[in-house]
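Data first, discussion second: the structure below is written as structure tokens.
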Amino acid sequence: MKDMMIRGADIVVRSLIAEQAEIIFGYPGGAIMPVYDALYDYHDQVKHVLTRHEQGAIHAAQGYARVSGKVGVCIATSGPGATNLITGLADAQIDSTPLVCITGQVAAHLLGTDAFQETDVVGISMPATKWNVQVRRVEDIAPAIAKGFFIARSGRPGPVLIDITKNAQTDFGEFNYVPCLGFRSYKTYVSVEATKIQEAAELINKAERPYLLFGQGVVLGKAETELKFFLDKSGIPAASTLLGSGALPQEHPNYVGKLGMHGNYGPNLLTNQCDVLIAVGMRFDDRVTGDLKRYAKQAKVIHLELDPAEVNKNVKAAVAVMGDCRESLSMLTEAIEAKKHDSWMAKFRELEQQEKAAVVQHDITPSKVGLTMGEVIHQINQYKADDAVLVTDVGQHQMIAWRYFHYKKPRTQVTSGGLGTMGFALPAALGAQLHDYSRQVICVVGDGGIQMTIQELGTIMQTKAPVKIVLLNNNYLGMVRQWQQMFFDKRYSFTELDNPEFIKIAEAYNIKSQKVSDRVDLKEAIEDMFIHDGPFFLEVVVEKEDNVFPMIATGCSVEEVRLS
Amino acid sequence: MKRYTIFVITENFIGILNRITIIFTRRGINIDALTASESRISGIHRITIEVTANEDTVIQLVNQIEKIIDVIKAFYHEDEGVVYQEIALYKIPVSRLDAGLEKIIRQHNAKIIAAEPEFVVLELTGHKEQTQELLEILKGYGLSEFARSGRVAVAKRMLTIESFIK
């Protein structure tokens, strides 16, 4: 009998393998050392990537999860190792990213004694996880991991944290992995009600100016094709949220642009002119709605949503269609009449032209000497592959890259949407790249954000992940500076940066690099970057004080979207 | 703003109360009273939370509570939708026991549940208004300690825990 017993640490690793984890991002330390010892034995079955910081590990796991649709896995030790995961957990929680994070914990008999590197990580991470648990006995390890994976990937996905005490890792137990298929307190499936589909279809059939908004729920629900079919038949104009981008190819004739504070002009403005608003897998975030009291008040709202807590949270729905949008969209497509909305669509196109003249022209073909972020993205579009992944950080570059990048395929958009985590991009791009070395991964990052996790260049060096890093450097915390300019009388309080020579840092990590300051050099540099076999670091010095437009200022209505 | 009773049917796992209360904390909502105990089904707990808020807020709270993985079901009622009781204990010095106090005890249907050489403990079950009324009176009788429970309640609606866990 004793022969069949294995260490808890081996159970951890074998459970991860049983869940088909291909890659683990992590960082060792005292309380997780038995698991690291076990990883040594299974390195041919599961890959481990040593990041340079636990925050890097969890963001890498997020990047991996976002592009693959699988559960991202990361491991950290107790105390500071565990607390360094918190930002990533909060990020994954608000952006519905499936993760299983395993942390080491001091031995059970030391819990509550303020032992070395003891912290109450279950308490700390409670509001930032979909579920968490502390495991103190070896026999509870495999069931907890099975439950964790099930919770992370089912329903509305999210992060799970499993805290395992050191004694549970070193004790011996039997290993008999039983995958979790559900349990009584957690309902993952809601069948779509046919009556709701009928109610929604009636509203849509009668609508003169219907308008559809889609979010990441379409991607998470793998409903991209169903969305396309619905739009093809209904003729309804459709706009995407930040995380919804990629769910519908931008070339689709019904695609009208992007929503929100720095989205497109028409899609924001016309929200307040539609008569029926169909929201699919999106949660009416304040960055999308602006002032809720003046948001789409004239419209009847149809909300296709999986999470009951999201319905009627910010915007009241006339018809709430609960359930998987893949199912509800195809049922709705059956139930509606085929239509065209040419004159309504023309309004979007007309406003698109206005935006082109007022904003896009300046951004992409600037008359100024200084380079703009927009023209860099525009150039990237000329060389990138159709399924290239764009990973962005947070700030002006994020909004500009989102505005101008050509999204053609699903799961090509990786960014920190809800939490707005600076420092996200570099490790997330690493994780996205490690999922598939052959896929182009372009990391667009600002000079502020890159310095929050710049140490992960070391992990890129070690893994040889061929990430194309494009640093848009304006020597400012640009988005904050823009707000200071617009709303704080140009009082540039602590937003200007004296920056290091970034390409020397990249060189120190043996990453091929180039710096571009003149427009004449841009095209070739980007071409070189894509041709280069391996990671590449391209710094582009851009206009110091450029602003992102259109913009809906805080507290304003979507119809107050400004072009300058 | 109105008084609502939120019922939570939940697995009895460590930290469940914490998971529920942080939902109130995050939204800056005060819990008026809270009671927790095992339900008639072993392993399943019921938590009764009394809160004063507007209905929209209560709906959001209930949705968020029900989203907790280990919570089986959460729902809410106005006072009219529940049968509820609270229990109050009053500690009075023996020296203040007289015919007047005896009359008060009878009138309020309170009972003496403990008599010690120095004090007696009175018990009254009822709604907050009733226990509060007696409290005000007993303040004149040298009341030295007072404790009142949160509400225990059952919903008037006929629903069983079994219907939530099938």
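Just remember, in the structure tokens the first chain shown is A, the second B, etc., residues are 1-based per chain, and ligands are 1-based in the order shown.
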
Taking only C-alpha atoms into account, what are the residues of chain A at most 8 Å from chain B, put as number ranges by chain? A: 126-127, 130-131, 184-186, 308-309, 313

So that I have them on file, write out the residues from the current selection with N, CA and C atoms, as a PDB file, in the first residue's frame.
```pdb
ATOM      1  N   MET A 126      -9.539  36.890  -1.532  1.00  0.00           N
ATOM      2  CA  MET A 126     -10.960  36.525  -1.613  1.00  0.00           C
ATOM      3  C   MET A 126     -11.763  37.386  -2.593  1.00  0.00           C
ATOM      4  N   PRO A 127     -11.682  38.720  -2.491  1.00  0.00           N
ATOM      5  CA  PRO A 127     -12.483  39.507  -3.439  1.00  0.00           C
ATOM      6  C   PRO A 127     -11.889  39.566  -4.839  1.00  0.00           C
ATOM      7  N   LYS A 130     -12.386  34.137  -8.343  1.00  0.00           N
ATOM      8  CA  LYS A 130     -13.707  33.540  -8.513  1.00  0.00           C
ATOM      9  C   LYS A 130     -13.949  32.544  -7.372  1.00  0.00           C
ATOM     10  N   TRP A 131     -12.857  31.900  -6.964  1.00  0.00           N
ATOM     11  CA  TRP A 131     -12.923  30.942  -5.858  1.00  0.00           C
ATOM     12  C   TRP A 131     -11.522  30.760  -5.320  1.00  0.00           C
ATOM     13  N   ARG A 184     -23.191  20.839  -6.331  1.00  0.00           N
ATOM     14  CA  ARG A 184     -24.560  21.328  -6.178  1.00  0.00           C
ATOM     15  C   ARG A 184     -24.703  22.845  -6.022  1.00  0.00           C
ATOM     16  N   SER A 185     -23.670  23.542  -5.492  1.00  0.00           N
ATOM     17  CA  SER A 185     -23.863  24.975  -5.242  1.00  0.00           C
ATOM     18  C   SER A 185     -23.516  25.836  -6.457  1.00  0.00           C
ATOM     19  N   TYR A 186     -23.072  25.205  -7.540  1.00  0.00           N
ATOM     20  CA  TYR A 186     -22.533  25.984  -8.655  1.00  0.00           C
ATOM     21  C   TYR A 186     -23.193  25.572  -9.955  1.00  0.00           C
ATOM     22  N   PRO A 308     -25.894  36.150 -14.295  1.00  0.00           N
ATOM     23  CA  PRO A 308     -27.111  36.835 -13.824  1.00  0.00           C
ATOM     24  C   PRO A 308     -26.812  38.145 -13.099  1.00  0.00           C
ATOM     25  N   ALA A 309     -25.633  38.253 -12.479  1.00  0.00           N
ATOM     26  CA  ALA A 309     -25.311  39.461 -11.726  1.00  0.00           C
ATOM     27  C   ALA A 309     -25.043  40.651 -12.641  1.00  0.00           C
ATOM     28  N   LYS A 313     -27.549  45.454 -13.915  1.00  0.00           N
ATOM     29  CA  LYS A 313     -26.592  46.021 -12.954  1.00  0.00           C
ATOM     30  C   LYS A 313     -26.376  47.504 -13.242  1.00  0.00           C
TER      31      LYS A 313
END
```

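For Ile29 in chain B, the list of residues within 9 Å, based on only C-alpha atoms and with local chain neighbours fewer than 2 positions off taken out, reads B:Ile23, B:Phe24, B:Thr25, B:Arg26, B:Arg27, B:Ile31, B:Val51, B:Thr52, B:Ala53.
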
Could you work out how far CA of Gly374 in chain A lies from CA of Asn473 in chain A, giving the answer in Å with one decimal? 12.8 Å

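For range 135-152 of chain B, the residues within 8 Å (counting only C-alpha atoms, excluding itself and residues fewer than 6 positions away along the chain) are B:Ala33, B:Leu34, B:Thr35, B:Thr48, B:Ile49, B:Glu50, B:Tyr84, B:Gln85, B:Glu86, B:Ile87, B:Ala88, B:Leu89, B:Tyr90, B:Lys91, B:Ile92, B:Pro93, B:Arg96, B:Leu101.
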
Write out, as JSON lines, each residue of range 358-396 of chain A that has an atom at most 8 Å from range 408-427 of chain A, together with the closest pair of atoms and their distance in Å to one decimal, counting only C-alpha atoms, rows going by chain and rising number.
```
{"residue": "A:Asp386", "atom": "CA", "partner": "A:Lys408", "partner_atom": "CA", "distance": 5.9}
{"residue": "A:Asp387", "atom": "CA", "partner": "A:Lys409", "partner_atom": "CA", "distance": 5.6}
{"residue": "A:Ala388", "atom": "CA", "partner": "A:Thr412", "partner_atom": "CA", "distance": 6.2}
{"residue": "A:Val389", "atom": "CA", "partner": "A:Thr412", "partner_atom": "CA", "distance": 4.1}
{"residue": "A:Leu390", "atom": "CA", "partner": "A:Gln413", "partner_atom": "CA", "distance": 5.3}
{"residue": "A:Val391", "atom": "CA", "partner": "A:Val414", "partner_atom": "CA", "distance": 4.7}
{"residue": "A:Thr392", "atom": "CA", "partner": "A:Ala425", "partner_atom": "CA", "distance": 5.1}
{"residue": "A:Asp393", "atom": "CA", "partner": "A:Ala425", "partner_atom": "CA", "distance": 4.5}
{"residue": "A:Val394", "atom": "CA", "partner": "A:Met422", "partner_atom": "CA", "distance": 5.2}
{"residue": "A:Gly395", "atom": "CA", "partner": "A:Met422", "partner_atom": "CA", "distance": 7.9}
```

Contact residues around range 230-232 of chain A with only C-alpha atoms at 10 Å, ignoring same-chain residues under 2 positions, as a PDB file with C-alpha atoms, in the first residue's frame:
```pdb
ATOM      1  CA  LEU A 212     -25.680  45.685 -31.518  1.00  0.00           C
ATOM      2  CA  GLU A 224     -17.907  34.430 -33.242  1.00  0.00           C
ATOM      3  CA  THR A 225     -19.576  32.538 -36.095  1.00  0.00           C
ATOM      4  CA  GLU A 226     -23.023  32.837 -34.505  1.00  0.00           C
ATOM      5  CA  LEU A 227     -22.506  36.589 -34.161  1.00  0.00           C
ATOM      6  CA  LYS A 228     -21.524  36.854 -37.803  1.00  0.00           C
ATOM      7  CA  SER A 234     -30.324  41.101 -39.431  1.00  0.00           C
ATOM      8  CA  GLY A 235     -28.332  43.805 -41.223  1.00  0.00           C
ATOM      9  CA  ILE A 236     -27.794  45.450 -37.847  1.00  0.00           C
ATOM     10  CA  PRO A 237     -24.750  47.693 -37.336  1.00  0.00           C
ATOM     11  CA  ALA A 238     -22.382  46.312 -34.683  1.00  0.00           C
ATOM     12  CA  LEU A 248     -15.852  40.037 -35.543  1.00  0.00           C
ATOM     13  CA  HIS A 252     -17.429  42.655 -41.905  1.00  0.00           C
ATOM     14  CA  PRO A 253     -19.913  45.027 -43.617  1.00  0.00           C
ATOM     15  CA  ASN A 254     -21.931  45.492 -40.404  1.00  0.00           C
ATOM     16  CA  TYR A 255     -18.909  46.398 -38.296  1.00  0.00           C
ATOM     17  CA  LEU A 329     -27.499  34.134 -30.859  1.00  0.00           C
ATOM     18  CA  SER A 330     -28.268  31.205 -33.117  1.00  0.00           C
ATOM     19  CA  MET A 331     -31.809  30.919 -31.714  1.00  0.00           C
ATOM     20  CA  LEU A 332     -32.261  34.636 -32.275  1.00  0.00           C
ATOM     21  CA  THR A 333     -30.945  34.386 -35.837  1.00  0.00           C
ATOM     22  CA  GLU A 334     -33.632  31.773 -36.533  1.00  0.00           C
ATOM     23  CA  ILE A 336     -35.675  37.242 -36.789  1.00  0.00           C
ATOM     24  CA  ALA A 338     -33.841  39.100 -42.769  1.00  0.00           C
ATOM     25  CA  LYS A 339     -33.449  42.839 -43.169  1.00  0.00           C
ATOM     26  CA  LYS A 340     -31.236  45.645 -44.308  1.00  0.00           C
TER      27      LYS A 340
END
```

When DSSP is applied to the backbone of this structure, which of chain B are assigned strand (DSSP E)? Write them out as number ranges by chain. B: 2-11, 31-38, 44-53, 71-78, 82-93, 111-115, 119-126, 145-148, 152-155

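Nearest residue to Glu310 in chain A among A:Val520, A:Arg156, A:Lys368, A:Asp363 is A:Arg156, counting only C-alpha atoms.
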
So that I can check the surroundings of Glu560 in chain A, please list as JSON, numbers by chain every protein, DNA and RNA residue that reaches within 12 Å of it, counting only C-alpha atoms and ignoring chain neighbours fewer than 6 positions away. {"A": [260, 261, 265, 266, 268, 269, 270, 271, 272, 289, 290, 291, 294, 295, 550, 551, 552, 553, 554]}

Env of Gly221 in chain A: 8 Å cut, atoms = only C-alpha atoms, seq-sep filter 4 positions within chain, self excluded. Answer as a PDB file with C-alpha atoms, in the first residue's frame.
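What landed in around-v6.pdb:
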```pdb
ATOM      1  CA  GLY A 217     -18.476  37.240 -23.892  1.00  0.00           C
ATOM      2  CA  ASP A 324     -24.708  31.024 -23.422  1.00  0.00           C
ATOM      3  CA  CYS A 325     -24.665  33.613 -26.211  1.00  0.00           C
ATOM      4  CA  ARG A 326     -23.576  30.980 -28.693  1.00  0.00           C
TER       5      ARG A 326
END
```

So which residues touch Ala18 in chain A within 12 Å, counting only C-alpha atoms, skipping near sequence neighbours fewer than 3 positions away, as a PyMOL selection string? chain A and resi 10-15+21-22+45-46+142-143+145-146+149+175-180

Could those selected residues go to a file with C-alpha atoms, as an mmCIF file, in the first residue's frame?
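Output saved as out-v4.cif:
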```
data_model
loop_
_atom_site.group_PDB
_atom_site.id
_atom_site.type_symbol
_atom_site.label_atom_id
_atom_site.label_comp_id
_atom_site.auth_asym_id
_atom_site.auth_seq_id
_atom_site.Cartn_x
_atom_site.Cartn_y
_atom_site.Cartn_z
ATOM 1 C CA ASP A 10 3.895 15.026 -6.761
ATOM 2 C CA ILE A 11 0.120 14.976 -6.499
ATOM 3 C CA VAL A 12 0.111 18.714 -7.276
ATOM 4 C CA VAL A 13 2.178 18.263 -10.426
ATOM 5 C CA ARG A 14 0.383 15.108 -11.569
ATOM 6 C CA SER A 15 -2.969 16.822 -11.055
ATOM 7 C CA ALA A 21 -1.607 22.012 -18.261
ATOM 8 C CA GLU A 22 1.159 22.437 -20.843
ATOM 9 C CA GLN A 45 5.495 16.267 -19.264
ATOM 10 C CA VAL A 46 4.885 19.844 -18.252
ATOM 11 C CA ALA A 142 -6.226 16.551 -6.004
ATOM 12 C CA PRO A 143 -9.933 17.290 -5.353
ATOM 13 C CA ILE A 145 -7.159 21.215 -8.053
ATOM 14 C CA ALA A 146 -9.906 19.367 -9.947
ATOM 15 C CA PHE A 149 -9.857 23.937 -12.904
ATOM 16 C CA PHE A 175 -3.150 9.632 -6.215
ATOM 17 C CA ASN A 176 -6.375 8.925 -7.987
ATOM 18 C CA TYR A 177 -7.364 11.896 -10.090
ATOM 19 C CA VAL A 178 -11.074 12.428 -10.552
ATOM 20 C CA PRO A 179 -11.910 15.425 -12.728
ATOM 21 C CA CYS A 180 -14.630 17.689 -11.364
#
```
